[in-house]
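Asks: The following file, model30.txt, comprises compact mmCIF, C-alpha atoms and all ligand atoms:
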# COMPACT_ATOMS: atom_id res chain seq x y z
CA MET R 1 14.05 11.67 33.65
CA SER R 2 14.45 9.39 30.62
CA PHE R 3 17.36 8.37 28.43
CA VAL R 4 15.51 8.94 25.16
CA ARG R 5 15.52 12.29 23.33
CA LYS R 6 13.50 15.08 24.93
CA SER R 7 10.94 15.42 22.16
CA ALA R 8 10.21 11.68 22.06
CA ASP R 9 6.59 10.54 22.46
CA LEU R 10 6.78 7.69 24.96
CA THR R 11 3.31 6.31 24.22
CA PRO R 12 3.92 2.72 23.04
CA ILE R 13 2.64 1.64 19.62
CA VAL R 14 -0.89 0.39 20.04
CA ASP R 15 -0.87 -2.32 17.45
CA THR R 16 -4.55 -3.07 17.32
CA VAL R 17 -4.07 -5.61 14.52
CA PHE R 18 -1.63 -7.82 16.41
CA ALA R 19 -3.74 -7.58 19.58
CA VAL R 20 -6.83 -8.83 17.71
CA ILE R 21 -4.84 -11.56 15.95
CA ALA R 22 -3.67 -12.81 19.36
CA LYS R 23 -7.29 -12.90 20.61
CA ALA R 24 -8.42 -14.77 17.50
CA LYS R 25 -5.69 -17.39 18.00
CA LYS R 26 -6.65 -17.86 21.63
CA ASP R 27 -10.31 -18.26 20.67
CA ALA R 28 -9.43 -20.72 17.86
CA ALA R 29 -7.52 -22.89 20.33
CA VAL R 30 -10.82 -23.42 22.19
CA ASN R 31 -13.49 -23.02 19.51
CA GLY R 32 -11.61 -24.25 16.45
CA ASP R 33 -13.45 -23.87 13.18
CA ALA R 34 -16.17 -21.65 14.62
CA VAL R 35 -13.65 -18.80 14.64
CA VAL R 36 -13.40 -16.43 11.65
CA ASN R 37 -10.07 -14.64 11.59
CA ALA R 38 -10.41 -11.82 9.05
CA THR R 39 -7.47 -9.84 10.41
CA ILE R 40 -4.38 -11.13 8.61
CA GLY R 41 -3.14 -8.85 5.83
CA SER R 42 -1.00 -11.40 3.96
CA LEU R 43 -2.01 -13.80 1.23
CA TYR R 44 -3.25 -17.18 2.56
CA ASP R 45 -4.41 -20.18 0.58
CA GLU R 46 -7.65 -22.11 0.99
CA ASP R 47 -5.98 -24.44 3.52
CA ASN R 48 -5.09 -21.55 5.79
CA HIS R 49 -1.39 -21.50 4.95
CA LEU R 50 0.65 -18.40 4.23
CA VAL R 51 1.38 -18.32 0.49
CA ALA R 52 5.09 -18.24 -0.37
CA TYR R 53 5.47 -18.60 -4.13
CA ASP R 54 7.56 -21.57 -5.28
CA THR R 55 8.50 -19.54 -8.34
CA VAL R 56 10.12 -17.01 -6.00
CA PHE R 57 11.51 -19.02 -3.10
CA ASN R 58 12.93 -22.11 -4.80
CA HIS R 59 15.40 -19.88 -6.57
CA TYR R 60 16.01 -17.80 -3.46
CA ASP R 61 16.98 -20.95 -1.55
CA ALA R 62 19.47 -21.84 -4.27
CA ILE R 63 21.21 -18.47 -4.33
CA ASP R 64 24.93 -18.71 -3.55
CA HIS R 65 25.70 -18.02 0.11
CA ARG R 66 28.18 -15.35 -0.89
CA ILE R 67 25.51 -13.42 -2.76
CA LYS R 68 23.33 -13.59 0.33
CA ALA R 69 26.25 -12.61 2.55
CA SER R 70 27.54 -9.65 0.60
CA TYR R 71 26.61 -5.99 0.74
CA ALA R 72 24.65 -4.50 -2.12
CA ALA R 73 26.56 -2.70 -4.87
CA SER R 74 25.43 0.74 -3.68
CA PHE R 75 23.25 2.58 -1.17
CA THR R 76 20.71 3.23 -3.92
CA GLY R 77 20.50 -0.48 -4.75
CA ASN R 78 22.02 -2.82 -7.33
CA PRO R 79 21.93 -1.35 -10.86
CA ASP R 80 20.10 -4.34 -12.39
CA TYR R 81 17.52 -4.24 -9.58
CA ARG R 82 16.91 -0.52 -10.11
CA ASP R 83 16.54 -1.06 -13.80
CA GLN R 84 14.18 -4.04 -13.49
CA VAL R 85 12.05 -2.30 -10.85
CA TYR R 86 11.56 0.60 -13.25
CA GLN R 87 10.61 -1.76 -16.10
CA TRP R 88 8.23 -3.69 -13.86
CA VAL R 89 6.54 -0.73 -12.20
CA THR R 90 5.98 1.22 -15.42
CA TYR R 91 5.25 -1.87 -17.54
CA GLY R 92 3.49 -1.04 -20.79
CA GLN R 93 3.68 2.75 -20.24
CA LYS R 94 6.09 5.05 -22.00
CA LEU R 95 6.95 7.73 -19.54
CA ASP R 96 8.41 10.88 -20.92
CA LEU R 97 9.90 11.89 -17.57
CA ALA R 98 13.27 11.86 -15.87
CA HIS R 99 13.46 9.10 -13.28
CA THR R 100 15.52 7.41 -10.63
CA VAL R 101 14.99 4.30 -8.50
CA ILE R 102 16.17 3.95 -4.90
CA ALA R 103 16.04 0.50 -3.30
CA THR R 104 14.25 0.64 0.05
CA PRO R 105 13.31 -1.80 2.83
CA GLY R 106 9.83 -2.55 1.49
CA GLY R 107 7.20 -0.03 0.56
CA SER R 108 7.43 1.25 4.15
CA GLY R 109 10.98 2.47 3.53
CA ALA R 110 9.91 4.17 0.32
CA VAL R 111 7.02 6.08 1.93
CA SER R 112 9.08 7.04 4.95
CA ILE R 113 12.09 8.26 2.94
CA GLY R 114 9.64 10.31 0.85
CA PHE R 115 8.33 12.10 3.94
CA THR R 116 11.80 13.04 5.14
CA THR R 117 13.17 13.93 1.70
CA PHE R 118 10.40 16.30 0.73
CA LEU R 119 9.33 17.88 4.02
CA ASP R 120 11.07 19.77 6.81
CA GLU R 121 10.23 18.99 10.44
CA GLY R 122 7.08 20.76 11.57
CA GLU R 123 5.57 20.75 8.07
CA THR R 124 2.36 18.99 7.11
CA VAL R 125 1.74 15.98 4.89
CA ILE R 126 -1.68 15.23 3.38
CA LEU R 127 -3.00 11.70 4.02
CA PRO R 128 -6.21 9.85 3.14
CA GLU R 129 -8.74 9.80 6.00
CA ILE R 130 -9.25 6.03 5.71
CA ALA R 131 -5.77 4.63 5.26
CA TRP R 132 -2.95 2.33 6.27
CA GLY R 133 -2.14 3.36 9.86
CA SER R 134 1.63 3.54 9.32
CA TYR R 135 1.39 6.79 7.33
CA ALA R 136 0.32 8.71 10.42
CA LEU R 137 2.98 7.03 12.56
CA MET R 138 5.67 7.83 9.99
CA ALA R 139 4.58 11.47 9.99
CA HIS R 140 4.58 11.59 13.77
CA GLU R 141 7.99 9.90 14.16
CA ASN R 142 9.52 12.32 11.67
CA ASN R 143 8.10 15.34 13.50
CA LEU R 144 5.62 16.11 10.77
CA ASN R 145 1.97 17.08 11.11
CA TYR R 146 -0.71 15.61 8.92
CA ILE R 147 -4.17 16.51 7.75
CA THR R 148 -6.53 14.14 5.97
CA TYR R 149 -8.75 14.28 2.90
CA LYS R 150 -11.99 12.36 2.69
CA ASN R 151 -11.52 9.32 0.45
CA PHE R 152 -15.02 9.34 -0.99
CA ASP R 153 -17.75 11.56 -2.22
CA GLY R 154 -20.52 8.96 -2.43
CA ASP R 155 -18.79 6.13 -4.24
CA SER R 156 -16.27 8.31 -6.12
CA PHE R 157 -12.86 9.74 -5.29
CA ASN R 158 -13.24 12.96 -3.31
CA LEU R 159 -11.08 15.38 -5.26
CA GLU R 160 -12.83 18.38 -3.67
CA SER R 161 -11.71 17.31 -0.21
CA LEU R 162 -8.14 16.86 -1.43
CA LYS R 163 -8.28 20.34 -2.98
CA GLU R 164 -9.30 21.83 0.37
CA CYS R 165 -6.34 20.14 2.06
CA VAL R 166 -3.93 21.38 -0.61
CA SER R 167 -5.20 24.96 -0.17
CA THR R 168 -4.76 24.74 3.60
CA VAL R 169 -1.21 23.39 3.36
CA LYS R 170 -0.21 25.70 0.53
CA ALA R 171 -1.08 28.69 2.66
CA LYS R 172 1.73 27.82 5.08
CA GLN R 173 4.46 25.94 3.18
CA ASP R 174 6.14 25.95 -0.24
CA ARG R 175 5.92 22.23 -0.89
CA VAL R 176 2.79 20.14 -0.68
CA VAL R 177 3.12 16.39 -0.21
CA ILE R 178 0.07 14.20 -0.89
CA VAL R 179 -0.18 10.45 -0.21
CA LEU R 180 -2.42 8.46 -2.51
CA ASN R 181 -2.57 4.67 -2.08
CA ASP R 182 -3.81 3.50 -5.47
CA PRO R 183 -4.65 1.11 -7.10
CA CYS R 184 -6.13 -1.48 -4.68
CA GLN R 185 -6.29 0.90 -1.71
CA ASN R 186 -5.71 -0.48 1.76
CA PRO R 187 -8.23 -0.85 3.37
CA THR R 188 -11.12 -0.19 0.96
CA GLY R 189 -9.95 -1.83 -2.27
CA TYR R 190 -10.90 1.29 -4.23
CA CYS R 191 -9.12 2.25 -7.48
CA LEU R 192 -9.32 5.69 -9.03
CA LYS R 193 -11.06 5.54 -12.38
CA GLU R 194 -9.28 6.81 -15.53
CA GLN R 195 -11.27 10.06 -15.49
CA GLU R 196 -10.50 10.57 -11.79
CA TRP R 197 -6.79 10.24 -12.53
CA LYS R 198 -7.07 12.72 -15.42
CA ASP R 199 -8.91 15.19 -13.18
CA LEU R 200 -6.34 14.72 -10.43
CA VAL R 201 -3.43 15.35 -12.80
CA SER R 202 -5.02 18.47 -14.24
CA TYR R 203 -5.77 19.73 -10.72
CA LEU R 204 -2.15 19.11 -9.62
CA ASN R 205 -0.98 21.17 -12.60
CA GLU R 206 -3.32 23.98 -11.70
CA ALA R 207 -2.43 23.93 -7.99
CA SER R 208 1.31 23.76 -8.66
CA LYS R 209 1.40 27.15 -10.39
CA ASP R 210 2.44 28.77 -7.11
CA CYS R 211 4.00 25.88 -5.17
CA ASP R 212 5.74 22.55 -5.66
CA ILE R 213 3.66 19.41 -5.28
CA ILE R 214 4.91 15.89 -4.62
CA LEU R 215 2.47 13.05 -5.10
CA ILE R 216 3.49 9.95 -3.14
CA ASN R 217 1.71 7.15 -5.00
CA ASP R 218 1.81 4.02 -2.86
CA ILE R 219 1.25 1.04 -5.18
CA ALA R 220 1.88 -1.72 -2.60
CA TYR R 221 -0.97 -3.93 -3.91
CA ILE R 222 -0.83 -3.10 -7.64
CA ASP R 223 0.20 -6.62 -8.65
CA TYR R 224 -3.08 -8.01 -7.31
CA SER R 225 -5.22 -5.94 -9.65
CA TYR R 226 -7.84 -7.99 -11.51
CA ARG R 227 -6.85 -6.10 -14.66
CA SER R 228 -3.83 -6.82 -16.84
CA MET R 229 -0.45 -5.42 -15.75
CA GLU R 230 -0.69 -2.75 -18.45
CA GLU R 231 -4.24 -1.73 -17.60
CA ALA R 232 -3.49 -1.46 -13.89
CA ARG R 233 -0.58 0.85 -14.74
CA HIS R 234 -2.28 2.82 -17.50
CA TYR R 235 -2.97 5.78 -15.20
CA MET R 236 0.80 6.38 -15.05
CA SER R 237 0.72 7.54 -18.66
CA TYR R 238 -1.13 10.66 -17.41
CA PHE R 239 2.01 11.59 -15.48
CA ASN R 240 3.45 12.64 -18.86
CA ASP R 241 1.08 15.63 -18.70
CA LEU R 242 2.35 16.83 -15.32
CA SER R 243 3.85 20.29 -15.10
CA ASP R 244 7.46 21.02 -14.14
CA ASN R 245 6.33 21.77 -10.59
CA VAL R 246 4.94 18.33 -9.84
CA MET R 247 7.04 15.35 -8.79
CA VAL R 248 5.77 11.81 -8.31
CA GLU R 249 7.29 9.28 -5.95
CA ILE R 250 5.93 5.79 -6.64
CA CYS R 251 6.38 3.44 -3.67
CA PHE R 252 6.77 -0.19 -4.69
CA SER R 253 6.75 -3.24 -2.39
CA CYS R 254 8.22 -6.66 -3.18
CA SER R 255 6.50 -7.84 0.03
CA LYS R 256 3.15 -8.23 -1.71
CA THR R 257 4.29 -8.73 -5.31
CA LEU R 258 6.59 -11.65 -4.47
CA THR R 259 4.92 -12.74 -1.18
CA SER R 260 8.27 -11.86 0.43
CA TYR R 261 7.19 -9.64 3.33
CA GLY R 262 10.15 -10.64 5.48
CA LEU R 263 12.85 -10.01 2.89
CA ARG R 264 12.37 -6.24 3.27
CA CYS R 265 12.80 -5.16 -0.31
CA GLY R 266 11.03 -2.39 -2.20
CA ALA R 267 11.76 0.82 -4.04
CA ALA R 268 11.06 4.52 -4.43
CA ILE R 269 10.69 5.54 -8.07
CA VAL R 270 11.03 9.29 -8.46
CA LEU R 271 9.62 10.93 -11.59
CA ALA R 272 9.63 14.54 -12.76
CA LYS R 273 9.96 16.59 -15.92
CA LYS R 274 13.38 17.97 -15.05
CA LYS R 275 16.39 15.75 -14.63
CA GLU R 276 17.99 18.07 -12.08
CA ASP R 277 14.89 17.87 -9.82
CA VAL R 278 15.06 14.08 -9.85
CA ARG R 279 18.78 14.22 -9.13
CA ASP R 280 18.18 16.45 -6.08
CA ALA R 281 15.75 13.90 -4.65
CA GLU R 282 18.16 11.07 -5.48
CA ILE R 283 21.04 12.75 -3.63
CA ILE R 284 18.96 13.23 -0.49
CA MET R 285 17.48 9.73 -0.62
CA GLU R 286 20.88 8.14 -1.07
CA LYS R 287 22.19 9.96 2.00
CA LYS R 288 19.12 9.07 4.03
CA ALA R 289 19.46 5.44 2.99
CA ARG R 290 23.12 5.41 4.03
CA ALA R 291 22.25 7.05 7.33
CA THR R 292 19.41 4.67 8.25
CA TRP R 293 19.34 1.18 6.69
CA SER R 294 22.58 1.54 4.71
CA ASN R 295 21.69 -0.96 2.03
CA ILE R 296 19.04 -3.47 1.01
CA PRO R 297 19.53 -7.27 1.19
CA ASN R 298 21.59 -8.18 -1.85
CA ALA R 299 19.96 -11.57 -2.43
CA ALA R 300 16.46 -10.11 -2.18
CA MET R 301 17.30 -7.72 -5.02
CA ALA R 302 19.00 -10.47 -7.04
CA ASN R 303 15.99 -12.71 -6.59
CA PHE R 304 13.56 -10.02 -7.76
CA VAL R 305 15.64 -9.54 -10.92
CA TRP R 306 15.70 -13.28 -11.65
CA THR R 307 12.00 -13.71 -10.92
CA VAL R 308 10.82 -10.94 -13.25
CA THR R 309 13.24 -11.79 -16.07
CA GLU R 310 14.23 -15.44 -16.41
CA ASN R 311 11.30 -16.82 -14.43
CA ARG R 312 8.72 -14.22 -15.41
CA ASP R 313 6.11 -16.45 -17.09
CA ALA R 314 6.12 -19.12 -14.40
CA PHE R 315 5.93 -16.46 -11.68
CA LEU R 316 3.04 -14.60 -13.33
CA LYS R 317 1.21 -17.89 -13.75
CA GLU R 318 1.57 -18.82 -10.09
CA LYS R 319 0.58 -15.32 -8.94
CA GLN R 320 -2.46 -15.32 -11.24
CA LYS R 321 -3.90 -18.34 -9.42
CA TYR R 322 -4.13 -16.28 -6.27
CA ILE R 323 -5.44 -13.20 -8.04
CA ASP R 324 -8.24 -15.40 -9.39
CA LEU R 325 -8.83 -16.76 -5.91
CA MET R 326 -9.10 -13.26 -4.47
CA ARG R 327 -11.53 -12.32 -7.20
CA GLN R 328 -13.67 -15.29 -6.19
CA ARG R 329 -13.45 -14.40 -2.51
CA SER R 330 -14.21 -10.72 -3.00
CA SER R 331 -17.11 -11.43 -5.40
CA LEU R 332 -18.64 -13.83 -2.90
CA PHE R 333 -18.38 -11.41 0.02
CA ILE R 334 -19.54 -8.36 -1.97
CA LYS R 335 -22.52 -10.25 -3.41
CA GLU R 336 -23.57 -11.56 -0.03
CA ALA R 337 -23.04 -8.12 1.53
CA LYS R 338 -25.37 -6.64 -1.11
CA ASP R 339 -27.96 -9.34 -0.49
CA ALA R 340 -27.77 -8.65 3.25
CA ALA R 341 -27.80 -4.85 2.77
CA LEU R 342 -24.45 -4.59 4.54
CA ASP R 343 -22.82 -1.33 3.48
CA CYS R 344 -19.24 -1.56 2.14
CA TYR R 345 -16.96 1.11 0.69
CA PRO R 346 -16.65 0.79 -3.09
CA TYR R 347 -14.35 -2.18 -3.70
CA ASP R 348 -12.62 -2.73 -7.03
CA GLU R 349 -9.68 -5.02 -6.25
CA GLY R 350 -7.07 -5.76 -3.64
CA PHE R 351 -6.50 -7.54 -0.33
CA PHE R 352 -9.31 -5.99 1.75
CA VAL R 353 -12.99 -5.08 1.76
CA THR R 354 -14.13 -2.52 4.33
CA LEU R 355 -17.55 -2.05 5.89
CA ARG R 356 -18.74 1.54 5.78
CA ILE R 357 -19.31 2.71 9.38
CA PRO R 358 -19.10 6.51 9.62
CA ASP R 359 -19.58 6.56 13.41
CA ASN R 360 -16.37 5.36 15.09
CA ALA R 361 -18.07 4.87 18.48
CA TYR R 362 -20.57 2.47 16.87
CA ARG R 363 -17.68 0.90 14.92
CA ASN R 364 -15.97 0.10 18.24
CA ARG R 365 -19.11 -1.51 19.64
CA LEU R 366 -19.66 -3.57 16.51
CA HIS R 367 -16.00 -4.63 16.40
CA GLN R 368 -16.34 -5.93 19.98
CA ALA R 369 -19.72 -7.57 19.27
CA LEU R 370 -18.19 -9.39 16.30
CA MET R 371 -15.37 -10.68 18.51
CA ASP R 372 -17.95 -11.84 21.06
CA ASN R 373 -19.36 -13.89 18.16
CA HIS R 374 -15.92 -15.29 17.19
CA ILE R 375 -15.48 -12.93 14.18
CA TYR R 376 -12.16 -11.09 14.28
CA THR R 377 -11.69 -8.03 12.07
CA VAL R 378 -9.59 -4.87 12.05
CA SER R 379 -11.00 -1.49 13.07
CA VAL R 380 -10.06 1.28 10.67
CA ASN R 381 -11.15 4.90 10.66
CA HIS R 382 -14.88 4.89 9.82
CA GLY R 383 -14.92 1.20 9.05
CA ILE R 384 -14.20 -2.44 9.74
CA ARG R 385 -11.70 -4.22 7.52
CA ILE R 386 -12.24 -7.77 6.28
CA ALA R 387 -9.04 -9.40 5.00
CA ILE R 388 -10.24 -11.39 2.01
CA CYS R 389 -6.57 -12.09 1.23
CA SER R 390 -6.44 -14.59 4.09
CA LEU R 391 -10.01 -15.85 4.48
CA PRO R 392 -10.86 -19.10 2.70
CA LEU R 393 -14.07 -19.20 0.67
CA ALA R 394 -15.70 -21.54 3.17
CA LYS R 395 -15.24 -18.96 5.93
CA LEU R 396 -16.44 -16.11 3.73
CA HIS R 397 -19.59 -17.95 2.81
CA GLY R 398 -22.43 -16.58 4.98
CA LEU R 399 -20.13 -14.10 6.75
CA ALA R 400 -21.84 -10.94 5.46
CA ALA R 401 -25.26 -12.10 6.67
CA LYS R 402 -23.80 -13.02 10.07
CA ILE R 403 -22.19 -9.57 10.39
CA LYS R 404 -25.43 -7.87 9.37
CA ASP R 405 -27.32 -9.85 11.98
CA ILE R 406 -24.85 -8.89 14.72
CA ALA R 407 -24.84 -5.26 13.52
CA GLU R 408 -28.61 -5.07 13.83
CA LYS R 409 -28.41 -6.22 17.44
CA THR R 410 -25.59 -3.81 18.33
N1 LIG A 501 1.58 0.47 1.81
C1 LIG A 501 0.48 -0.12 2.27
C2 LIG A 501 -0.83 0.51 1.98
C3 LIG A 501 0.55 -1.30 3.01
O1 LIG A 501 -0.57 -1.87 3.46
C4 LIG A 501 1.83 -1.85 3.26
C5 LIG A 501 1.95 -3.07 4.07
O2 LIG A 501 1.06 -3.57 4.69
C6 LIG A 501 2.95 -1.20 2.74
C7 LIG A 501 2.79 -0.04 2.02
C8 LIG A 501 4.36 -1.62 2.92
O3 LIG A 501 4.66 -2.90 3.14
P1 LIG A 501 6.19 -3.35 3.09
O4 LIG A 501 6.97 -2.36 3.85
O5 LIG A 501 6.21 -4.70 3.68
O6 LIG A 501 6.57 -3.34 1.65
If you convert what's in this file into structure tokens, what do you get?
Ligand code: PLP
Replies:
Amino acid sequence: MSFVRKSADLTPIVDTVFAVIAKAKKDAAVNGDAVVNATIGSLYDEDNHLVAYDTVFNHYDAIDHRIKASYAASFTGNPDYRDQVYQWVTYGQKLDLAHTVIATPGGSGAVSIGFTTFLDEGETVILPEIAWGSYALMAHENNLNYITYKNFDGDSFNLESLKECVSTVKAKQDRVVIVLNDPCQNPTGYCLKEQEWKDLVSYLNEASKDCDIILINDIAYIDYSYRSMEEARHYMSYFNDLSDNVMVEICFSCSKTLTSYGLRCGAAIVLAKKKEDVRDAEIIMEKKARATWSNIPNAAMANFVWTVTENRDAFLKEKQKYIDLMRQRSSLFIKEAKDAALDCYPYDEGFFVTLRIPDNAYRNRLHQALMDNHIYTVSVNHGIRIAICSLPLAKLHGLAAKIKDIAEKT
């Protein structure tokens, strides 16, 4: 007998990341600098401090208490926030599509509301095989099934595997929902190349001749691309070629863009050829928002608007310093990994580099062996994730060779 609903799965969340972080902290208390903590998925500076941009938080601190205290203007978010999110997310691209923006609690809210807006309980969502763990949990908690496509064919995007998943799902339901975390994929750091995006769009058009397809494009890390804002968003211009039967939901996160993880602010940007299709999604999302989180912190939205308008140049300048730092960190690790013949998934940009370990049983042994040697990482499906976003250069230096050495003995 239990008080929770009958269909509930009472297995507690196994948060492997937090468990490893706790171990790393305990080890550091004894062994200090000998410990390498490559687990933390937030941006840290070279002195091991969490980065919180001055160009974001100084203004946030000064916001009138009444703005912080008040409800947002609507369940879909404040109009100026919705407008500025659209401008920011599609910067430099001219999209010839109907759109709406729904404010959400972070990118998590945007992905989750997508699942429940587009799919009925019992249906199946298509996820990447190597991915952020929350997608699977969101599917599970919303009574959805999921199947996974292989991320890579060699070092390229595996469109063939995605096609197989679409065919399987299409055989049993009218709507196919695909999650694609790009650019700067978590955990591999891969970005689809221009041609891969073109091929994907033309495949979606082909596949949508006898069903509706929704592409959930999670762009949580887009603002840490090493390319310019326009270049990182250029792939969105291919959305103009999508057929009437394809909808895109872009999931945006202020958590990463503004280093404001705790302010719980993000957005779902819904795009499609037909206005009425976008309106349908908007109606459902507004009701779901009202029925779950109600509305998004007013001051978080106001602060985003101020940061990307009045304070834009100063903010971009401060953010760029850390993008450059991550480029330095990733280049160092990738170069040393190459020198040590340590196999990584193809990394382009983003917060993480992931070691390629197809065998999960061996991955578990190596993960433990690394911890035994004071190196703390995160196990992901078929790999081990190294958080270059939080590891100072000094700690990264020599790390690949050390890992290789431990791997050879494991
Ligand atoms: N998508 C990916 C791939 C992530 O890694 C994260 C956070 O770690 C998110 C979305 C959402 O983060 P938030 O809900 O804080 O915006």
Asks: Rank nothing, just name the residue among R:Lys287, R:Lys198, R:Arg279, R:Arg82 nearest to Ser237 (chain R), using only C-alpha atoms.
Replies: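 Closest residue, counting only C-alpha atoms: R:Lys198.
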Asks: What's around Met236 (chain R) at 7 Å? Count only C-alpha atoms, leave out sequence neighbours fewer than 3 positions away in its own chain, and write the answer as a VMD selection string.
Replies: chain R and resid 93 233 239
Asks: Please compute the CA of Cys254 (chain R)-CA of Ser294 (chain R) distance, one decimal, in Å.
Replies: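 Separation of CA of Cys254 (chain R) and CA of Ser294 (chain R): 18.3 Å.
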Asks: Can you tell me which residues come within 6 Å of ligand LIG 501 (chain A) when counting all atoms listed in the file, ideally as a PyMOL selection string?
Replies: chain R and resi 106-108+132+186+218+220+253+255+261+266
Asks: Do you know which residues are at most 8 Å from Ile102 (chain R) counting only C-alpha atoms, after dropping those on the same chain fewer than 4 positions away, and could you put them as a ChimeraX atom specification?
Replies: /R:76-77,82,267-269,282,285-286
Asks: Store the residues picked out above in a file with C-alpha atoms, as a PDB file, in the coordinates of the input.
Replies:
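Contents of part.pdb, freshly written:
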ATOM      1  CA  THR R  76      20.710   3.230  -3.920  1.00  0.00           C
ATOM      2  CA  GLY R  77      20.500  -0.480  -4.750  1.00  0.00           C
ATOM      3  CA  ARG R  82      16.910  -0.520 -10.110  1.00  0.00           C
ATOM      4  CA  ALA R 267      11.760   0.820  -4.040  1.00  0.00           C
ATOM      5  CA  ALA R 268      11.060   4.520  -4.430  1.00  0.00           C
ATOM      6  CA  ILE R 269      10.690   5.540  -8.070  1.00  0.00           C
ATOM      7  CA  GLU R 282      18.160  11.070  -5.480  1.00  0.00           C
ATOM      8  CA  MET R 285      17.480   9.730  -0.620  1.00  0.00           C
ATOM      9  CA  GLU R 286      20.880   8.140  -1.070  1.00  0.00           C
TER      10      GLU R 286
END
Asks: If you measure from CA of Ala232 (chain R) to CA of Leu271 (chain R), what distance in Å do you get, rounded to one decimal?
Replies: 18.2 Å
Asks: Provide the CA of Ala34 (chain R) to CA of Val20 (chain R) distance in Å, to one decimal place.
Replies: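 Those two atoms sit 16.2 Å apart.
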Asks: Counting all atoms listed in the file, figure out which residue out of R:Thr104, R:Val36, R:Lys317, R:Trp197 gets nearest to Ala72 (chain R).
Replies: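 Comparing R:Thr104, R:Val36, R:Lys317, R:Trp197 against Ala72 (chain R), the winner is R:Thr104.
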Asks: So which one's closest to Leu50 (chain R), R:Gly32, R:Pro392, R:Pro12, R:Gly154? Using all atoms listed in the file, please.
Replies: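 Ranking R:Gly32, R:Pro392, R:Pro12, R:Gly154 by distance to Leu50 (chain R), first place goes to R:Pro392.
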Asks: Can you tell me, as a PyMOL selection string, what residues are no more than 9 Å from region 37-39 of chain R when counting all atoms listed in the file, ignoring any on the same chain fewer than 2 positions away?
Replies: chain R and resi 17-18+20-21+24-25+28+35+41+374-378+385-391+395
Asks: Residues within 12 Å of Ala8 (chain R), please, as a count of residues only. Count all atoms listed in the file; anything in the same chain fewer than 2 positions from it doesn't count.
Replies: 12
